>>> print(open('final34.cif').read())   # mmCIF, C-alpha atoms
data_coords
loop_
_atom_site.label_atom_id
_atom_site.label_comp_id
_atom_site.auth_asym_id
_atom_site.auth_seq_id
_atom_site.Cartn_x
_atom_site.Cartn_y
_atom_site.Cartn_z
CA MET I 44 90.20 73.42 62.07
CA LYS I 45 89.59 77.02 63.06
CA ILE I 46 88.86 75.93 66.60
CA SER I 47 92.00 73.81 66.91
CA ARG I 48 94.14 76.69 65.58
CA ARG I 49 92.57 78.97 68.17
CA LEU I 50 93.23 76.39 70.89
CA LEU I 51 96.87 76.14 69.79
CA LEU I 52 97.17 79.92 69.93
CA ILE I 53 95.69 80.03 73.43
CA ALA I 54 97.98 77.21 74.56
CA GLY I 55 100.96 79.03 73.05
CA LEU I 56 100.04 82.23 74.85
CA GLY I 57 99.66 80.31 78.07
CA LEU I 58 103.14 78.81 77.69
CA ALA I 59 104.59 82.24 76.94
CA VAL I 60 102.98 83.64 80.09
CA THR I 61 104.35 80.76 82.15
CA ALA I 62 107.82 81.21 80.65
CA ASN I 63 107.86 84.93 81.49
CA ALA I 64 106.46 84.60 84.97
CA THR I 65 108.75 84.58 87.99
CA THR I 66 108.20 82.52 91.10
CA ILE I 67 109.52 83.90 94.37
CA GLU I 68 109.98 81.28 97.06
CA MET I 69 110.35 82.45 100.65
CA THR I 70 111.33 80.46 103.72
CA VAL I 71 109.30 81.79 106.63
CA ASN I 72 109.83 81.34 110.36
CA GLY I 73 106.85 81.01 112.70
CA LEU I 74 104.62 79.48 110.05
CA VAL I 75 102.89 76.85 112.17
CA CYS I 76 99.12 77.20 111.78
CA GLY I 77 96.41 77.58 109.18
CA PHE I 78 95.57 81.10 110.35
CA CYS I 79 99.25 82.10 109.96
CA ALA I 80 99.18 80.81 106.38
CA GLN I 81 95.88 82.54 105.71
CA GLY I 82 97.26 85.90 106.89
CA ILE I 83 100.41 85.56 104.77
CA GLU I 84 98.43 84.54 101.69
CA LYS I 85 96.07 87.50 102.10
CA THR I 86 99.00 89.91 102.45
CA LEU I 87 100.87 88.59 99.41
CA ARG I 88 97.77 88.60 97.23
CA LYS I 89 97.36 92.34 97.86
CA ASP I 90 100.49 93.15 95.86
CA PRO I 91 99.44 94.19 92.33
CA ALA I 92 102.30 92.13 90.84
CA THR I 93 101.02 88.91 92.45
CA GLU I 94 99.39 86.40 90.18
CA ASP I 95 99.08 83.47 92.56
CA VAL I 96 100.25 82.32 95.99
CA VAL I 97 101.04 78.97 97.58
CA VAL I 98 101.74 78.55 101.29
CA SER I 99 103.00 75.34 102.88
CA LEU I 100 103.35 74.84 106.61
CA GLU I 101 105.33 71.64 106.15
CA HIS I 102 107.99 73.35 104.03
CA ARG I 103 107.81 76.76 105.82
CA LEU I 104 107.22 78.06 102.31
CA ALA I 105 105.40 81.08 100.91
CA ALA I 106 105.65 81.14 97.11
CA VAL I 107 104.41 83.95 94.87
CA ALA I 108 104.02 83.81 91.13
CA THR I 109 104.31 87.31 89.73
CA LYS I 110 102.52 88.59 86.67
CA PRO I 111 104.53 88.44 83.44
CA GLY I 112 107.18 91.13 83.28
CA THR I 113 106.82 92.09 86.92
CA ASP I 114 108.73 91.39 90.13
CA ILE I 115 108.40 92.23 93.81
CA ALA I 116 111.51 93.61 95.48
CA ASP I 117 113.00 91.66 98.38
CA LYS I 118 112.56 94.69 100.63
CA ALA I 119 108.86 94.86 99.81
CA LEU I 120 108.45 91.13 100.52
CA GLU I 121 110.30 91.43 103.81
CA SER I 122 108.19 94.44 104.81
CA ALA I 123 104.96 92.68 103.83
CA LEU I 124 105.77 89.55 105.83
CA GLU I 125 107.06 91.58 108.75
CA ALA I 126 103.83 93.60 108.73
CA SER I 127 101.99 90.27 108.90
CA GLY I 128 104.01 89.25 111.95
CA TYR I 129 106.44 86.77 110.37
CA ASP I 130 110.15 86.62 109.54
CA ILE I 131 111.58 85.74 106.15
CA LYS I 132 114.74 83.65 106.41
CA ALA I 133 115.47 83.27 102.68
CA ILE I 134 114.19 84.49 99.32
CA VAL I 135 114.96 82.74 96.06
CA ARG I 136 113.64 83.29 92.54
CA THR I 137 113.02 80.11 90.60
CA ASP I 138 111.52 79.03 87.33
CA ARG I 139 109.29 76.45 89.04
CA SER I 140 105.67 77.23 88.26
CA LEU I 141 103.14 77.39 91.08
CA PRO I 142 101.17 74.45 89.65
CA ALA I 143 104.43 72.45 89.73
CA ILE I 144 105.05 73.48 93.35
CA ARG I 145 101.46 72.58 94.26
CA ALA I 146 101.84 69.18 92.59
CA GLU I 147 105.10 68.58 94.44
CA LEU I 148 103.49 69.51 97.76
CA GLN I 149 100.53 67.21 97.08
CA ALA I 150 102.88 64.37 96.19
CA LYS I 151 104.89 64.61 99.44
CA PRO I 152 102.79 66.38 102.04
CA MET R 130 92.22 75.48 146.05
CA LYS R 131 94.20 78.22 144.32
CA SER R 132 97.49 76.60 145.25
CA ASP R 133 96.21 73.25 143.96
CA PHE R 134 95.36 74.83 140.64
CA MET R 135 98.73 76.52 140.40
CA ARG R 136 100.52 73.28 141.28
CA ILE R 137 98.62 71.42 138.56
CA ALA R 138 99.14 74.28 136.08
CA CYS R 139 102.87 74.39 136.73
CA ALA R 140 103.20 70.62 136.48
CA LEU R 141 101.32 70.55 133.18
CA ALA R 142 103.31 73.50 131.86
CA LEU R 143 106.57 71.78 132.78
CA VAL R 144 105.44 68.71 130.86
CA ALA R 145 104.30 70.76 127.89
CA VAL R 146 107.03 73.32 127.48
CA PRO R 147 109.78 70.97 126.35
CA LEU R 148 107.38 69.62 123.74
CA ALA R 149 106.07 72.96 122.51
CA GLY R 150 102.42 74.47 121.95
CA ALA R 151 99.03 76.87 120.40
CA GLU R 152 95.65 78.53 121.19
CA ALA R 153 92.87 80.80 120.00
CA LYS R 154 94.35 84.24 119.63
CA PRO R 155 92.65 87.61 120.04
CA ILE R 156 94.52 88.82 116.93
CA ALA R 157 94.48 86.37 114.04
CA TYR R 158 96.35 88.41 111.41
CA ALA R 159 96.64 91.93 110.02
CA HIS R 160 93.43 93.23 108.42
CA GLY R 161 91.58 90.17 109.65
CA THR R 162 88.24 90.03 111.42
CA THR R 163 87.68 87.44 114.11
CA VAL R 164 84.32 86.24 115.41
CA MET R 165 84.46 83.96 118.41
CA ALA R 166 81.78 82.33 120.57
CA GLU R 167 82.43 80.21 123.64
CA TYR R 168 80.16 78.21 125.90
CA GLY R 169 81.95 77.31 129.11
CA ALA R 170 80.19 74.50 130.97
CA GLY R 171 77.22 76.61 132.03
CA THR R 172 79.40 79.05 133.97
CA MET R 173 80.41 81.40 131.19
CA SER R 174 79.25 82.26 127.68
CA GLU R 175 81.08 84.78 125.55
CA LEU R 176 80.68 86.30 122.11
CA GLN R 177 83.46 88.45 120.64
CA LEU R 178 84.10 90.38 117.43
CA PHE R 179 87.50 91.92 116.68
CA TYR R 180 89.11 93.67 113.74
CA ALA R 181 92.91 93.81 113.55
CA PRO R 182 94.32 96.82 111.63
CA SER R 183 97.76 95.31 112.33
CA TYR R 184 99.06 91.98 113.60
CA ARG R 185 100.06 93.92 116.72
CA TYR R 186 96.61 94.97 117.86
CA SER R 187 92.89 94.51 117.40
CA LEU R 188 89.79 96.37 118.49
CA GLY R 189 86.30 95.16 119.06
CA GLY R 190 83.73 94.19 121.57
CA GLY R 191 81.87 91.39 123.15
CA HIS R 192 79.37 90.10 125.60
CA LEU R 193 80.22 87.88 128.55
CA ALA R 194 77.64 86.12 130.68
CA LEU R 195 78.86 84.67 133.97
CA ASP R 196 76.53 82.33 135.88
CA SER R 197 77.57 81.13 139.30
CA ASP R 198 77.64 77.40 139.82
CA LEU R 199 77.12 77.94 143.54
CA ASP R 200 74.09 80.25 143.66
CA ASP R 201 71.82 82.24 141.35
CA ASP R 202 74.22 85.16 140.82
CA THR R 203 74.71 86.25 137.24
CA ARG R 204 76.66 88.99 135.48
CA ASP R 205 76.00 90.15 131.94
CA ILE R 206 78.92 92.22 130.76
CA THR R 207 78.98 94.09 127.45
CA TYR R 208 82.36 95.57 126.64
CA LEU R 209 84.70 97.27 124.19
CA ARG R 210 88.17 95.72 124.11
CA PHE R 211 91.67 96.51 122.93
CA ASN R 212 94.01 93.54 122.35
CA TYR R 213 97.75 94.01 121.99
CA LEU R 214 100.62 91.71 121.06
CA PRO R 215 103.72 93.06 122.83
CA LYS R 216 105.94 90.12 121.93
CA ARG R 217 106.09 87.38 119.33
CA TRP R 218 108.85 84.83 118.80
CA ASN R 219 108.98 83.33 115.31
CA LEU R 220 111.11 80.22 115.60
CA GLU R 221 112.00 77.82 112.82
CA SER R 222 109.12 75.45 113.49
CA ALA R 223 107.32 77.14 116.35
CA GLN R 224 105.74 80.39 117.41
CA ALA R 225 105.25 81.92 120.85
CA ASN R 226 103.21 84.98 121.76
CA VAL R 227 102.40 87.25 124.63
CA PHE R 228 99.01 88.96 124.33
CA VAL R 229 97.48 91.50 126.71
CA TRP R 230 94.11 93.19 126.60
CA GLY R 231 91.87 95.58 128.44
CA SER R 232 88.21 96.42 128.18
CA VAL R 233 85.56 98.71 129.59
CA GLY R 234 81.83 98.20 129.57
CA ARG R 235 78.62 97.82 131.49
CA ALA R 236 77.58 94.93 133.69
CA GLN R 237 74.12 93.85 134.75
CA VAL R 238 74.44 92.43 138.26
CA SER R 239 71.72 90.03 139.41
CA GLU R 240 72.07 90.60 143.17
CA THR R 241 71.52 94.35 142.97
CA GLY R 242 69.74 94.66 139.66
CA ASP R 243 72.15 97.49 138.88
CA ASP R 244 73.82 98.36 135.63
CA ASP R 245 77.42 99.02 136.72
CA PHE R 246 80.58 100.21 135.04
CA ALA R 247 82.86 97.19 134.53
CA TRP R 248 86.43 96.77 133.38
CA ASN R 249 88.71 93.89 132.54
CA VAL R 250 92.40 93.21 132.02
CA GLY R 251 93.89 89.98 130.81
CA GLY R 252 96.79 88.27 129.19
CA GLN R 253 97.83 85.15 127.40
CA LEU R 254 101.10 83.35 126.88
CA ASP R 255 101.10 80.68 124.18
CA TYR R 256 103.56 78.49 122.38
CA GLU R 257 102.79 76.24 119.42
CA THR R 258 104.24 73.95 116.86
CA ARG R 259 102.30 71.87 114.36
CA ARG R 260 102.09 68.99 116.83
CA VAL R 261 101.77 70.42 120.32
CA TYR R 262 100.73 73.59 122.07
CA ALA R 263 100.38 75.16 125.47
CA SER R 264 98.65 78.33 126.52
CA LEU R 265 98.00 80.05 129.80
CA ARG R 266 95.39 82.77 129.91
CA THR R 267 94.18 84.97 132.73
CA ASP R 268 91.25 87.38 132.84
CA LEU R 269 90.28 89.74 135.62
CA HIS R 270 86.72 91.16 135.55
CA GLU R 271 85.92 93.95 137.98
CA SER R 272 83.05 96.22 138.93
CA SER R 273 81.87 97.81 142.15
CA ALA R 274 79.70 94.71 142.71
CA PHE R 275 82.05 91.86 141.76
CA SER R 276 85.59 90.72 141.17
CA HIS R 277 86.24 87.56 139.18
CA ARG R 278 89.43 86.07 137.87
CA ILE R 279 89.30 83.33 135.27
CA ASP R 280 92.53 81.38 134.68
CA THR R 281 92.65 78.88 131.83
CA LEU R 282 95.42 76.48 130.93
CA GLN R 283 95.20 74.52 127.69
CA LEU R 284 97.49 71.81 126.40
CA GLY R 285 97.03 70.23 123.01
CA ILE R 286 98.49 67.55 120.86
CA ALA R 287 97.87 66.93 117.17
CA PRO R 288 97.97 63.32 115.98
CA TYR R 289 99.47 64.47 112.67
CA GLU R 290 101.07 67.62 111.26
CA HIS R 291 98.35 69.35 109.29
CA GLU R 292 98.93 71.27 106.09
CA TYR R 293 97.29 74.64 105.38
CA ASP R 294 94.59 73.32 103.05
CA ARG R 295 93.82 70.22 105.11
CA LEU R 296 91.80 69.55 108.22
CA ALA R 297 93.72 70.10 111.45
CA LEU R 298 92.79 67.90 114.39
CA TRP R 299 93.81 68.54 118.00
CA PHE R 300 93.21 66.75 121.28
CA VAL R 301 93.09 69.35 124.03
CA VAL R 302 92.93 69.25 127.81
CA GLN R 303 91.82 72.34 129.67
CA ALA R 304 91.98 73.34 133.32
CA ARG R 305 90.02 76.41 134.40
CA GLU R 306 89.68 78.09 137.74
CA THR R 307 87.46 81.04 138.63
CA THR R 308 87.32 83.25 141.70
CA GLY R 309 84.61 85.39 143.27
CA GLY R 310 82.01 82.68 143.82
CA LEU R 311 81.54 81.42 140.27
CA THR R 312 82.75 77.85 140.90
CA ASP R 313 84.17 76.07 143.91
CA ASP R 314 86.61 73.76 142.21
CA THR R 315 89.03 73.58 139.32
CA GLU R 316 87.19 72.52 136.20
CA PHE R 317 88.88 70.11 133.80
CA ALA R 318 87.73 69.46 130.26
CA ALA R 319 88.75 67.18 127.41
CA LEU R 320 88.19 68.78 124.01
CA LEU R 321 88.37 67.89 120.36
CA ARG R 322 89.44 70.79 118.16
CA LEU R 323 89.09 70.96 114.39
CA PHE R 324 90.09 73.71 112.05
CA LYS R 325 90.33 74.19 108.36
CA GLY R 326 90.52 77.33 106.24
CA ASN R 327 89.00 80.15 108.25
CA ALA R 328 86.91 78.05 110.64
CA TRP R 329 87.75 76.64 114.05
CA VAL R 330 85.42 74.44 116.10
CA GLU R 331 86.10 72.75 119.41
CA ALA R 332 83.87 70.85 121.78
CA GLY R 333 84.19 68.54 124.72
CA LEU R 334 83.06 67.73 128.21
CA THR R 335 84.13 68.73 131.70
CA GLN R 336 84.68 66.24 134.50
CA ASP R 337 81.01 66.83 135.47
CA GLY R 338 79.83 66.00 131.96
CA LYS R 339 79.05 69.62 131.07
CA LEU R 340 79.52 70.95 127.56
CA GLN R 341 82.54 73.12 126.81
CA ALA R 342 82.57 74.46 123.23
CA MET R 343 83.98 77.20 121.06
CA VAL R 344 83.67 78.32 117.44
CA MET R 345 85.83 80.89 115.72
CA PHE R 346 85.92 82.34 112.21
CA ASN R 347 88.57 84.56 110.68
CA PHE R 348 87.98 86.49 107.49
#
>>> encode(input="final34.cif", output="structure tokens")
Amino acid sequence: MKISRRLLLIAGLGLAVTANATTIEMTVNGLVCGFCAQGIEKTLRKDPATEDVVVSLEHRLAAVATKPGTDIADKALESALEASGYDIKAIVRTDRSLPAIRAELQAKP
Amino acid sequence: MKSDFMRIACALALVAVPLAGAEAKPIAYAHGTTVMAEYGAGTMSELQLFYAPSYRYSLGGGHLALDSDLDDDTRDITYLRFNYLPKRWNLESAQANVFVWGSVGRAQVSETGDDDFAWNVGGQLDYETRRVYASLRTDLHESSAFSHRIDTLQLGIAPYEHEYDRLALWFVVQARETTGGLTDDTEFAALLRLFKGNAWVEAGLTQDGKLQAMVMFNF
């Protein structure tokens, strides 16, 4: 009983974290190889607000999930990608979670 | 011979350019370290290590062994190199780059037994999509005892568009010509290239059945 209550609490906290987190989806030009993706992922993970990163070559996508209550300014994202040698064409903030994006990418590679 | 190589290179480039292209780069990404080793059909072997403080440039060193196909002449060159990316084009589904580099070092020359000062300049133009690539690279190695130019053209095609976390497979054809008595003919090779994550491996055979291989790691 105690254990299941604890599990419910952990699950509840997890949902709250997911609900508060922001996902930033960026369309990136020049994203054509694994090493490009690796460099972008490394750069984005360095930001202290970053919780997780997904990069897709097929969708020219770099997506960042930020830690709850945090955000990364568009200017900072543009600078980070530019410093990595790539150009951002669009930035949108969505409520899609990174696991959902990953699942979508796996479903239609 | 040189004009034959250039004719073939131009013809292949004309075929490749409308399709698009890719190649091993001396700068992988900012704050990345690249280790590369190449075995070139018994004529050249090279080991390189670079660190890139920025995507624009990298610094490092390497060792190049050149063994003449025509006689017993050898050169063992140990060098420090600076690589620079003066121009990159990020297109919607393609990327093109111009790289240049220069190095200084010491060369052991078999004919004289001397340890000479040696220098090198080179450049690379590449263009890649997720399905095709083309690259043209030229390297000039000089010392008081030798002068060698190594020109390499690579064209590749991928049977499928790879995703970041999946294995990438490329079929590559390479044409290489050297000057200064290293080889007497243009060398052609068919290669299979695989990469996934931070590792890149390619291997194949030349028209004489000699091994041509390269491995590269980025971290």
>>> atom_distance(input="final34.cif", atom1="CA of Val96 in chain I", atom2="CA of His291 in chain R")
18.7 Å
>>> closest_atom_pairs(input="final34.cif", of="chain I", to="chain R", cutoff="6 Å", atoms="only C-alpha atoms", output="Markdown table")
| residue | atom | partner | partner_atom | distance |
| --- | --- | --- | --- | --- |
| I:Asn72 | CA | R:Glu221 | CA | 4.8 |
| I:Gly73 | CA | R:Asn219 | CA | 4.1 |
| I:Val75 | CA | R:Arg259 | CA | 5.5 |
| I:Gly77 | CA | R:Tyr293 | CA | 4.9 |
| I:Gly82 | CA | R:Tyr158 | CA | 5.2 |
| I:Leu100 | CA | R:Glu292 | CA | 5.7 |
| I:Ser127 | CA | R:Ala159 | CA | 5.7 |
| I:Gly128 | CA | R:Tyr184 | CA | 5.9 |
>>> resolve_selection(input="final34.cif", expression="the PyMOL selection byres ((chain R and resi 249-255) around 6)", output="NGL selection string")
:R and (151 or 225-232 or 248 or 256 or 263-270)
>>> atom_distance(input="final34.cif", atom1="CA of Lys89 in chain I", atom2="CA of Lys118 in chain I")
15.6 Å
>>> closest_residue(input="final34.cif", among="I:Gln81, I:Glu121, I:Ala116, I:Ser140", to="Glu94 in chain I", atoms="all atoms listed in the file")
I:Ser140
>>> residues_around(input="final34.cif", residues="Tyr168 in chain R", least_positions_apart="5", cutoff="8 Å", atoms="only C-alpha atoms", output="NGL selection string")
:R and (173-175 or 340-343)
>>> atom_distance(input="final34.cif", atom1="CA of Asp243 in chain R", atom2="CA of Thr281 in chain R")
28.6 Å
>>> axis_aligned_box(input="final34.cif", around="range 275-282 of chain R", padding_each_side="4 Å", output="lines of an AutoDock Vina configuration file")
center_x = 88.7
center_y = 84.2
center_z = 136.3
size_x = 21.4
size_y = 23.4
size_z = 18.8
